[in-house]
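Okay, run.cif now, which holds mmCIF, C-alpha atoms:
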data_my_file
#
loop_
_atom_site.label_atom_id
_atom_site.label_comp_id
_atom_site.auth_asym_id
_atom_site.auth_seq_id
_atom_site.Cartn_x
_atom_site.Cartn_y
_atom_site.Cartn_z
CA MET A 1 -6.32 -21.80 -15.58
CA ALA A 2 -9.65 -19.96 -15.76
CA VAL A 3 -8.16 -16.49 -16.32
CA LYS A 4 -6.54 -15.49 -19.61
CA ALA A 5 -2.95 -14.22 -19.52
CA MET A 6 -2.22 -10.61 -20.56
CA THR A 7 0.21 -11.64 -23.29
CA ASP A 8 -2.03 -11.06 -26.34
CA GLY A 9 -4.43 -8.38 -27.51
CA THR A 10 -4.51 -4.62 -26.90
CA PRO A 11 -2.35 -3.78 -23.85
CA TRP A 12 -4.44 -0.94 -22.40
CA LYS A 13 -7.61 -3.07 -22.48
CA HIS A 14 -5.93 -5.85 -20.49
CA ILE A 15 -4.34 -3.31 -18.14
CA LEU A 16 -7.55 -1.38 -17.51
CA SER A 17 -9.57 -4.59 -17.08
CA PHE A 18 -7.05 -5.84 -14.50
CA ALA A 19 -6.51 -2.48 -12.79
CA MET A 20 -10.15 -1.50 -12.24
CA PRO A 21 -10.91 -4.26 -9.70
CA VAL A 22 -7.58 -3.48 -7.97
CA LEU A 23 -8.51 0.20 -7.92
CA ALA A 24 -12.03 -0.53 -6.70
CA GLY A 25 -10.67 -2.81 -3.98
CA SER A 26 -8.20 -0.15 -2.86
CA LEU A 27 -11.02 2.40 -2.89
CA LEU A 28 -13.09 0.16 -0.63
CA GLN A 29 -10.12 -0.24 1.69
CA GLN A 30 -9.68 3.53 1.89
CA LEU A 31 -13.40 4.07 2.39
CA TYR A 32 -13.44 1.84 5.43
CA ASN A 33 -10.24 3.45 6.73
CA THR A 34 -11.94 6.82 6.30
CA ALA A 35 -15.14 5.56 7.93
CA ASP A 36 -13.02 4.28 10.80
CA SER A 37 -11.53 7.76 11.30
CA VAL A 38 -14.89 9.50 10.93
CA ILE A 39 -16.55 7.19 13.47
CA VAL A 40 -13.67 7.49 15.94
CA GLY A 41 -13.52 11.27 15.54
CA ARG A 42 -17.26 11.75 15.97
CA TYR A 43 -17.98 9.22 18.73
CA ALA A 44 -14.68 8.90 20.63
CA GLY A 45 -13.32 12.45 20.27
CA GLN A 46 -10.43 14.25 18.60
CA SER A 47 -7.86 12.82 21.05
CA ALA A 48 -8.89 9.30 20.03
CA LEU A 49 -8.66 10.33 16.36
CA SER A 50 -5.12 11.61 16.97
CA GLY A 51 -4.24 8.39 18.82
CA VAL A 52 -5.38 6.22 15.92
CA GLY A 53 -3.93 8.51 13.25
CA THR A 54 -0.48 8.86 14.77
CA THR A 55 0.06 5.07 14.57
CA GLY A 56 -0.64 4.95 10.84
CA SER A 57 2.89 5.38 9.53
CA PHE A 58 4.27 2.91 12.08
CA ALA A 59 1.58 0.34 11.20
CA PHE A 60 2.50 0.73 7.55
CA LEU A 61 6.05 -0.30 8.45
CA PHE A 62 4.74 -3.76 9.37
CA LEU A 63 2.49 -4.00 6.32
CA ALA A 64 5.32 -2.95 4.00
CA ILE A 65 6.95 -6.34 4.49
CA ALA A 66 3.67 -8.08 3.68
CA PHE A 67 3.14 -6.04 0.51
CA GLY A 68 6.75 -6.52 -0.59
CA ILE A 69 7.12 -10.26 -0.08
CA SER A 70 3.64 -11.11 -1.38
CA GLY A 71 4.27 -8.81 -4.36
CA GLY A 72 7.59 -10.50 -5.07
CA ASN A 73 6.02 -13.94 -4.81
CA GLY A 74 3.23 -12.81 -7.13
CA ILE A 75 5.71 -11.66 -9.77
CA VAL A 76 7.54 -15.00 -9.62
CA ILE A 77 4.21 -16.83 -10.00
CA ALA A 78 3.18 -14.50 -12.87
CA GLN A 79 6.38 -15.35 -14.74
CA HIS A 80 5.74 -19.09 -14.33
CA TYR A 81 2.12 -18.57 -15.38
CA GLY A 82 3.16 -16.67 -18.50
CA ALA A 83 5.59 -19.49 -19.34
CA GLY A 84 2.91 -22.17 -18.71
CA ASP A 85 4.99 -23.95 -16.05
CA GLU A 86 2.37 -25.33 -13.64
CA LYS A 87 4.81 -27.35 -11.54
CA ALA A 88 7.01 -24.34 -10.80
CA LEU A 89 3.87 -22.25 -10.20
CA ARG A 90 2.66 -24.63 -7.45
CA LYS A 91 6.06 -24.68 -5.77
CA ALA A 92 6.25 -20.89 -5.76
CA ALA A 93 2.72 -20.52 -4.37
CA SER A 94 3.29 -23.09 -1.61
CA THR A 95 6.58 -21.48 -0.59
CA GLY A 96 5.03 -18.01 -0.60
CA ILE A 97 2.17 -19.04 1.68
CA ILE A 98 4.55 -20.65 4.20
CA MET A 99 6.81 -17.61 4.16
CA MET A 100 3.99 -15.11 4.62
CA MET A 101 2.23 -16.95 7.44
CA ALA A 102 5.52 -17.35 9.33
CA LEU A 103 6.33 -13.65 8.91
CA GLY A 104 2.83 -12.70 10.03
CA ALA A 105 3.16 -14.70 13.25
CA VAL A 106 6.60 -13.28 14.07
CA LEU A 107 5.65 -9.66 13.38
CA THR A 108 2.41 -9.97 15.37
CA LEU A 109 4.49 -10.84 18.44
CA LEU A 110 7.09 -8.17 17.65
CA GLY A 111 4.45 -5.48 17.30
CA LEU A 112 2.94 -6.33 20.66
CA ALA A 113 6.37 -6.21 22.30
CA ILE A 114 7.65 -2.89 20.91
CA ALA A 115 4.42 -0.88 20.69
CA GLU A 116 4.93 1.28 23.79
CA PRO A 117 8.65 2.17 23.44
CA ALA A 118 8.38 2.72 19.67
CA LEU A 119 5.39 5.05 19.89
CA THR A 120 6.89 6.90 22.85
CA HIS A 121 10.47 7.41 21.69
CA PHE A 122 10.44 6.90 17.93
CA ILE A 123 7.14 8.47 16.90
CA GLY A 124 7.09 11.00 19.73
CA VAL A 125 3.41 10.59 20.61
CA LYS A 126 2.12 13.43 22.78
CA PRO A 127 0.91 12.69 26.37
CA GLU A 128 -2.62 13.82 25.50
CA TYR A 129 -3.25 10.72 23.41
CA HIS A 130 -0.25 8.47 24.21
CA ASP A 131 -2.20 5.75 26.02
CA LEU A 132 -4.88 5.69 23.34
CA ALA A 133 -2.26 5.24 20.61
CA VAL A 134 -0.51 2.38 22.44
CA GLN A 135 -3.80 0.62 23.17
CA TYR A 136 -4.96 0.90 19.57
CA PHE A 137 -1.69 -0.29 18.06
CA ARG A 138 -1.35 -3.33 20.33
CA TRP A 139 -4.82 -4.57 19.49
CA TYR A 140 -4.26 -3.76 15.81
CA CYS A 141 -1.16 -6.00 15.83
CA VAL A 142 -3.28 -8.97 16.89
CA GLY A 143 -4.72 -9.04 13.37
CA LEU A 144 -1.39 -8.80 11.52
CA ILE A 145 -1.21 -12.55 10.87
CA PHE A 146 -4.56 -12.37 9.05
CA GLN A 147 -3.34 -9.43 6.97
CA TYR A 148 -0.21 -11.35 5.98
CA GLY A 149 -2.21 -14.41 5.03
CA TYR A 150 -4.68 -12.36 3.02
CA ASN A 151 -1.88 -10.60 1.14
CA SER A 152 -0.35 -13.97 0.28
CA PHE A 153 -3.60 -15.29 -1.23
CA SER A 154 -4.48 -12.07 -3.05
CA GLY A 155 -0.95 -11.87 -4.50
CA ILE A 156 -1.30 -15.39 -5.90
CA LEU A 157 -4.68 -14.58 -7.45
CA ARG A 158 -3.43 -11.36 -9.04
CA ALA A 159 -0.44 -13.26 -10.45
CA VAL A 160 -2.76 -15.41 -12.57
CA GLY A 161 -4.74 -12.36 -13.67
CA ASP A 162 -7.66 -12.62 -11.23
CA SER A 163 -7.69 -9.12 -9.76
CA GLN A 164 -11.49 -9.06 -9.55
CA ALA A 165 -11.55 -11.57 -6.69
CA THR A 166 -9.69 -9.23 -4.33
CA LEU A 167 -12.50 -6.72 -4.82
CA TYR A 168 -14.98 -9.20 -3.34
CA PHE A 169 -12.79 -9.87 -0.31
CA LEU A 170 -12.25 -6.18 0.37
CA LEU A 171 -15.98 -5.56 0.01
CA ILE A 172 -16.60 -8.15 2.74
CA SER A 173 -13.99 -6.67 5.08
CA SER A 174 -15.02 -3.05 4.38
CA VAL A 175 -18.71 -3.53 5.08
CA LEU A 176 -18.01 -5.69 8.13
CA ASN A 177 -15.47 -3.21 9.49
CA ILE A 178 -17.86 -0.27 9.24
CA ILE A 179 -20.69 -2.20 10.90
CA LEU A 180 -18.43 -3.33 13.73
CA ASP A 181 -16.98 0.19 14.11
CA LEU A 182 -20.46 1.59 14.63
CA LEU A 183 -21.32 -1.21 17.05
CA PHE A 184 -18.10 -1.15 19.11
CA VAL A 185 -17.33 2.60 19.05
CA LYS A 186 -20.74 4.28 18.84
CA VAL A 187 -22.97 1.78 20.66
CA PHE A 188 -20.63 -0.02 23.08
CA LYS A 189 -18.39 3.05 23.63
CA TRP A 190 -15.20 0.96 23.38
CA GLY A 191 -13.23 3.81 21.79
CA VAL A 192 -9.91 2.98 20.08
CA PHE A 193 -10.05 -0.59 21.41
CA GLY A 194 -13.31 -1.14 19.55
CA ALA A 195 -11.88 0.36 16.35
CA ALA A 196 -8.85 -1.96 16.47
CA VAL A 197 -10.89 -5.09 17.21
CA ALA A 198 -13.28 -4.23 14.38
CA THR A 199 -10.31 -4.07 12.00
CA ASP A 200 -8.94 -7.40 13.27
CA ILE A 201 -12.25 -9.21 12.77
CA ALA A 202 -12.68 -7.72 9.29
CA GLN A 203 -9.18 -8.81 8.30
CA ALA A 204 -9.84 -12.34 9.57
CA ALA A 205 -13.00 -12.48 7.44
CA SER A 206 -11.17 -11.38 4.26
CA PHE A 207 -8.39 -13.91 5.01
CA LEU A 208 -10.89 -16.77 5.22
CA ALA A 209 -12.83 -15.62 2.14
CA ALA A 210 -9.65 -15.31 0.06
CA TYR A 211 -8.45 -18.78 1.04
CA LEU A 212 -11.77 -20.48 0.28
CA TYR A 213 -12.10 -18.71 -3.07
CA MET A 214 -8.55 -19.60 -4.10
CA VAL A 215 -8.77 -23.32 -3.36
CA ILE A 216 -12.30 -23.74 -4.76
CA LYS A 217 -11.86 -21.82 -8.03
CA TYR A 218 -8.25 -22.83 -8.70
CA PRO A 219 -7.65 -26.52 -7.92
CA VAL A 220 -3.96 -26.01 -8.76
CA PHE A 221 -3.68 -24.07 -5.47
CA LYS A 222 -5.62 -26.62 -3.41
CA PHE A 223 -2.82 -27.92 -1.22
CA LYS A 224 -3.16 -30.74 1.26
CA LEU A 225 -0.95 -30.44 4.32
CA LYS A 226 1.70 -32.67 2.73
CA ASP A 227 1.63 -30.51 -0.42
CA TYR A 228 2.94 -27.45 1.40
CA VAL A 229 6.59 -27.66 0.43
CA TRP A 230 9.46 -25.26 0.94
CA ASP A 231 11.22 -24.86 -2.40
CA LYS A 232 14.60 -23.17 -2.02
CA VAL A 233 14.67 -21.91 -5.60
CA SER A 234 11.21 -20.33 -5.32
CA ALA A 235 12.08 -18.85 -1.93
CA ALA A 236 15.29 -17.35 -3.29
CA LYS A 237 13.48 -15.82 -6.27
CA THR A 238 10.70 -14.47 -4.06
CA ILE A 239 13.21 -12.87 -1.71
CA LYS A 240 15.29 -11.53 -4.60
CA VAL A 241 12.29 -9.85 -6.22
CA GLY A 242 10.26 -9.11 -3.08
CA SER A 243 12.96 -7.79 -0.74
CA PRO A 244 13.61 -4.62 -2.77
CA ILE A 245 9.85 -4.02 -2.97
CA ALA A 246 9.53 -4.50 0.80
CA LEU A 247 12.60 -2.35 1.42
CA GLN A 248 11.14 0.38 -0.77
CA LEU A 249 7.94 0.39 1.28
CA VAL A 250 9.84 0.15 4.58
CA ILE A 251 11.83 3.23 3.57
CA VAL A 252 8.58 5.01 2.78
CA ALA A 253 7.22 3.96 6.17
CA PHE A 254 10.33 5.15 8.00
CA GLY A 255 10.23 8.44 6.15
CA LEU A 256 6.59 8.93 7.04
CA THR A 257 7.27 8.16 10.71
CA PHE A 258 9.89 10.91 10.79
CA ILE A 259 7.43 13.29 9.14
CA GLN A 260 4.82 12.17 11.69
CA ARG A 261 7.28 13.12 14.43
CA ALA A 262 7.56 16.60 12.90
CA VAL A 263 3.77 16.78 12.71
CA ASN A 264 3.42 15.85 16.38
CA SER A 265 5.80 18.66 17.34
CA PHE A 266 3.17 21.18 16.23
CA GLY A 267 0.62 19.86 18.73
CA PRO A 268 -2.59 17.78 18.83
CA ALA A 269 -4.52 19.97 16.37
CA MET A 270 -1.91 19.44 13.67
CA THR A 271 -1.84 15.70 14.40
CA ALA A 272 -5.61 15.45 13.99
CA SER A 273 -5.42 17.50 10.80
CA PHE A 274 -2.61 15.36 9.43
CA THR A 275 -4.64 12.22 10.13
CA VAL A 276 -7.42 13.55 7.90
CA GLY A 277 -4.96 14.80 5.28
CA GLY A 278 -3.24 11.42 5.19
CA ARG A 279 -6.52 9.59 4.71
CA ILE A 280 -7.49 11.82 1.77
CA GLU A 281 -4.03 11.65 0.24
CA MET A 282 -4.49 7.87 0.01
CA TYR A 283 -7.41 8.45 -2.37
CA LEU A 284 -5.21 10.60 -4.58
CA ASN A 285 -2.66 7.78 -4.73
CA LEU A 286 -5.15 5.06 -5.68
CA PRO A 287 -4.72 5.16 -9.48
CA CYS A 288 -0.91 5.15 -9.56
CA ASN A 289 -0.67 2.39 -6.93
CA ALA A 290 -3.25 0.24 -8.74
CA PHE A 291 -1.43 0.67 -12.03
CA GLN A 292 1.91 -0.16 -10.42
CA THR A 293 0.45 -3.46 -9.20
CA THR A 294 -1.10 -4.07 -12.63
CA LEU A 295 2.08 -3.33 -14.57
CA ALA A 296 4.09 -5.65 -12.32
CA THR A 297 1.78 -8.57 -13.18
CA TYR A 298 1.42 -7.52 -16.83
CA THR A 299 5.18 -7.19 -17.19
CA GLY A 300 5.88 -10.47 -15.38
CA GLN A 301 3.51 -12.40 -17.65
CA ASN A 302 4.91 -10.84 -20.83
CA VAL A 303 8.49 -11.41 -19.72
CA GLY A 304 7.61 -15.06 -19.10
CA ALA A 305 6.15 -15.24 -22.62
CA GLY A 306 9.20 -13.49 -24.12
CA LYS A 307 7.21 -10.42 -25.29
CA ILE A 308 9.35 -7.56 -24.08
CA GLU A 309 8.10 -4.92 -26.56
CA ARG A 310 4.56 -5.26 -25.20
CA VAL A 311 5.89 -4.09 -21.85
CA LYS A 312 6.93 -0.68 -23.21
CA GLN A 313 3.67 -0.28 -25.10
CA GLY A 314 1.68 -1.10 -21.98
CA ALA A 315 3.77 1.26 -19.83
CA ARG A 316 3.10 4.28 -22.07
CA GLN A 317 -0.63 3.63 -22.16
CA THR A 318 -0.77 3.06 -18.41
CA ILE A 319 0.98 6.33 -17.51
CA PHE A 320 -1.51 8.26 -19.65
CA ILE A 321 -4.51 6.66 -17.95
CA SER A 322 -2.96 7.06 -14.48
CA VAL A 323 -2.42 10.81 -14.92
CA LEU A 324 -5.96 11.39 -16.22
CA MET A 325 -7.56 9.53 -13.32
CA THR A 326 -5.43 11.33 -10.73
CA ILE A 327 -6.27 14.76 -12.16
CA PHE A 328 -9.98 13.92 -11.91
CA ILE A 329 -9.70 12.83 -8.24
CA SER A 330 -7.48 15.82 -7.41
CA ALA A 331 -10.05 18.23 -8.82
CA ALA A 332 -12.76 16.60 -6.72
CA VAL A 333 -10.66 16.93 -3.54
CA TRP A 334 -9.74 20.56 -4.30
CA PHE A 335 -13.32 21.73 -4.72
CA SER A 336 -14.80 19.69 -1.85
CA ALA A 337 -12.00 20.14 0.72
CA ASP A 338 -14.11 22.13 3.20
CA LYS A 339 -16.92 19.57 3.11
CA ILE A 340 -14.44 16.71 3.62
CA ILE A 341 -13.10 18.39 6.75
CA GLN A 342 -16.60 18.73 8.22
CA LEU A 343 -17.06 14.94 8.07
CA PHE A 344 -14.29 14.39 10.63
CA ALA A 345 -15.64 16.90 13.20
CA LEU A 346 -12.28 18.71 13.51
CA ASP A 347 -12.11 21.76 15.74
CA ALA A 348 -11.41 25.21 14.26
CA GLU A 349 -7.62 25.05 14.72
CA ALA A 350 -7.28 21.61 13.15
CA ALA A 351 -9.60 22.58 10.28
CA ALA A 352 -7.46 25.67 9.57
CA TYR A 353 -4.45 23.39 9.13
CA CYS A 354 -6.33 20.82 7.09
CA LEU A 355 -7.80 22.98 4.32
CA PRO A 356 -4.49 24.13 2.75
CA HIS A 357 -3.08 20.63 3.34
CA LEU A 358 -5.79 18.99 1.24
CA ARG A 359 -5.60 21.51 -1.58
CA THR A 360 -1.81 21.38 -1.73
CA VAL A 361 -1.58 17.58 -1.94
CA ALA A 362 -4.36 17.57 -4.56
CA PHE A 363 -1.94 19.53 -6.74
CA ILE A 364 1.31 17.79 -5.81
CA ASN A 365 0.16 14.17 -6.04
CA VAL A 366 -0.43 14.44 -9.78
CA VAL A 367 3.37 14.15 -10.00
CA LEU A 368 3.20 10.69 -8.38
CA SER A 369 0.86 9.45 -11.11
CA MET A 370 3.52 10.30 -13.69
CA TYR A 371 6.09 7.79 -12.45
CA ILE A 372 4.86 5.34 -9.78
CA PRO A 373 3.34 2.96 -12.39
CA LEU A 374 6.82 2.57 -13.89
CA PHE A 375 7.86 0.82 -10.67
CA GLY A 376 5.69 -2.09 -11.84
CA VAL A 377 7.75 -2.35 -15.03
CA PHE A 378 11.01 -2.40 -13.07
CA GLN A 379 9.66 -4.97 -10.61
CA GLY A 380 8.24 -7.22 -13.32
CA THR A 381 11.62 -7.31 -15.10
CA ASN A 382 13.49 -8.22 -11.90
CA HIS A 383 14.80 -4.67 -11.41
CA SER A 384 13.06 -4.17 -8.08
CA GLY A 385 16.13 -2.48 -6.62
CA PHE A 386 15.70 0.71 -8.61
CA PRO A 387 12.31 1.70 -7.12
CA THR A 388 13.97 1.24 -3.73
CA ILE A 389 16.66 3.72 -4.70
CA VAL A 390 14.04 6.18 -5.94
CA ALA A 391 11.95 5.80 -2.78
CA THR A 392 15.04 6.33 -0.63
CA CYS A 393 16.01 9.50 -2.45
CA ALA A 394 12.45 10.89 -2.46
CA LEU A 395 11.75 10.20 1.21
CA THR A 396 15.17 11.37 2.35
CA THR A 397 14.60 14.62 0.49
CA ARG A 398 11.16 15.07 2.08
CA VAL A 399 12.41 14.39 5.61
CA ILE A 400 15.52 16.59 5.36
CA ILE A 401 13.63 19.52 3.89
CA THR A 402 10.86 19.16 6.50
CA PHE A 403 13.23 19.33 9.46
CA LEU A 404 15.40 22.05 7.89
CA VAL A 405 12.61 24.55 7.27
CA LYS A 406 9.73 23.62 9.61
CA ASP A 407 10.75 26.30 12.10
CA THR A 408 11.54 28.99 9.52
CA ALA A 409 9.38 31.99 8.67
CA PHE A 410 9.12 31.14 4.95
CA PHE A 411 7.57 27.64 5.14
CA GLY A 412 6.96 26.94 8.83
CA HIS A 413 4.32 24.27 9.44
CA THR A 414 3.23 24.31 5.77
CA ILE A 415 6.29 22.23 4.85
CA ILE A 416 4.34 19.28 6.32
CA TRP A 417 2.39 19.18 3.05
CA TRP A 418 4.75 20.99 0.65
CA ASN A 419 7.62 18.54 1.21
CA GLY A 420 6.04 16.19 -1.34
CA LEU A 421 6.76 18.63 -4.16
CA PHE A 422 10.50 18.22 -3.63
CA GLY A 423 10.50 14.47 -2.99
CA PHE A 424 8.06 13.46 -5.72
CA GLY A 425 9.70 15.79 -8.23
CA LEU A 426 13.05 14.10 -7.64
CA GLY A 427 11.46 10.63 -7.80
CA CYS A 428 9.75 11.43 -11.11
CA THR A 429 12.99 12.70 -12.64
CA LEU A 430 15.04 9.65 -11.58
CA SER A 431 12.38 7.15 -12.71
CA TRP A 432 12.00 8.57 -16.20
CA ILE A 433 15.74 8.90 -16.73
CA TYR A 434 16.17 5.20 -15.88
CA TYR A 435 13.18 4.10 -17.97
CA LEU A 436 14.20 6.09 -21.05
CA SER A 437 17.79 4.88 -20.75
CA GLY A 438 16.55 1.33 -21.45
CA LYS A 439 18.88 -0.16 -18.84
CA TRP A 440 16.07 -2.25 -17.33
CA GLN A 441 15.41 -3.74 -20.78
CA ASN A 442 19.05 -4.31 -21.71
CA GLY A 443 19.73 -6.15 -18.45
CA LEU A 444 16.77 -8.45 -19.11
CA ILE A 445 17.94 -9.22 -22.63
CA LYS A 446 21.42 -10.12 -21.37
CA GLU A 447 19.90 -12.34 -18.71
CA LYS A 448 17.83 -14.20 -21.31
CA GLN A 449 20.82 -14.62 -23.63
CA SER A 450 22.91 -16.16 -20.86
CA ALA A 451 20.12 -18.49 -19.69
#

With the file now loaded, output its structure as structure tokens.
Amino acid sequence: MAVKAMTDGTPWKHILSFAMPVLAGSLLQQLYNTADSVIVGRYAGQSALSGVGTTGSFAFLFLAIAFGISGGNGIVIAQHYGAGDEKALRKAASTGIIMMMALGAVLTLLGLAIAEPALTHFIGVKPEYHDLAVQYFRWYCVGLIFQYGYNSFSGILRAVGDSQATLYFLLISSVLNIILDLLFVKVFKWGVFGAAVATDIAQAASFLAAYLYMVIKYPVFKFKLKDYVWDKVSAAKTIKVGSPIALQLVIVAFGLTFIQRAVNSFGPAMTASFTVGGRIEMYLNLPCNAFQTTLATYTGQNVGAGKIERVKQGARQTIFISVLMTIFISAAVWFSADKIIQLFALDAEAAAYCLPHLRTVAFINVVLSMYIPLFGVFQGTNHSGFPTIVATCALTTRVIITFLVKDTAFFGHTIIWWNGLFGFGLGCTLSWIYYLSGKWQNGLIKEKQSA
């Protein structure tokens, strides 16, 4: 393999070296998502912006499965890579690709079939932008198979320590998406249809680039048609590790769709504001999400090499870096909130909602950076179920509190952004109690002793 495993040397140097391309790639992804919203808001109107924005949580429900299964497959591959077992590595990669492409095809068709009833009855999309939301989501679903394929390839590459490659693919898709957005939405006046098609084409480009890079740079992953085999053991391990990750993200997606329903109940101005707030909140989450991905691979490789103590050392160093980065981004959002709002051309009512939203989440999301990276440790040691429990508790708390107090005089509509304080606070407490208890480590030791 061309990339060195993260099983020797100073942990934080390996972690930071791996995480920075992941972070940069995620930043690019968010930049083109933001550009998408800015272009739609400015050139297709606030109703179109609301139509695109209100589908976000529901779209994430479909992507959650992709992130979970590809992440699980990547952890399995990372463990084989750390152990130096090339034969098992090939079987796991082949099985993962088959699984992801099949899921992508099925969910593409499912998304097309349920778009209208789901957005109407589950999300509660308002009549003012209902048709725009349905149109956007249906065309967005056409590109799901490319997103699933891309996630499969990028998960394999990250598993062997090559996080830098995903940055190149996301750069391709980001630049292409912005160019096509301007062409389709601003020049051709295709509105939400143009925005969706631009995303589909960009995803197809990153899918192709990721595949070509993988098979050219890593001959071990260059499969002929006959080499694509379904290995039951690899599939079982991928599902065992990946299903809790996917379930965790699905729970997050469901929770966010319920919160989106509460948002929609306050009218189109709040929906437009929440679309902007959600986009900016993604930037605040970039460090902790990147370090979660990094720690999952780092932990998987060190578990495969039998170096459990390095996992704890790496976890402590990662949390420290994650918090520092998040504080820096939060400060930037706090002081530039009014200028951010101007970019999206919100009307006065929507802007009045958005300003306190941005400043509140800039404060609250620091809590996320204190515990989300630990999920990578749990996932890399085959304890993926615990992050699912934490996510369930946190999202349930956020949803219940939102619907309990959204019509009260004390919180009212502000609970839309303050609910995170309660959910994230609970999640942080549960995660650290479990980590400090050492149960994730003890279970792994027992498993190795019985093997």

Next item on the list: For the file shown, report as a list in words the outcome of the PyMOL selection byres ((chain A and resi 59) around 9) at residue level.
Entry: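 This file, filtered by the PyMOL selection byres ((chain A and resi 59) around 9), leaves Thr55, Gly56, Ser57, Phe58, Phe60, Leu61, Phe62, Leu63, Ala64, Gly111, Phe137, Tyr140, Cys141 and Ala253 of chain A.
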
Item checked: Nearest-residue call for Ala102 (chain A), choices A:Ala66, A:Leu89, A:Val197, A:Leu247, using all atoms listed in the file -> A:Ala66

Note to self: I want to know what sits within 8 Å of Phe221 (chain A), based on all atoms listed in the file, with residues of the same chain fewer than 4 positions away left out; could you give that as a list in words?
What the structure shows: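 What passes the distance filter is Arg90, Ala93, Met214 and Val215 of chain A.
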
Note to self: So that I can see what lies close to region 336-345 of chain A, please list as a list of chain:residue names the residues with an atom at most 7 Å from it, counting only C-alpha atoms and leaving out residues fewer than 4 positions away in the same chain.
What the structure shows: A:Val38, A:Gly41, A:Arg42, A:Ala332, A:Ala351, A:Leu355, A:Leu358, A:Arg359

Check: Where does the PyMOL selection byres ((chain A and resi 325) around 12) land in this file, that is, which residues does it pick, as a ChimeraX atom specification?
Finding: /A:16,20,23,283-291,318-324,326-332,365-366,368-370
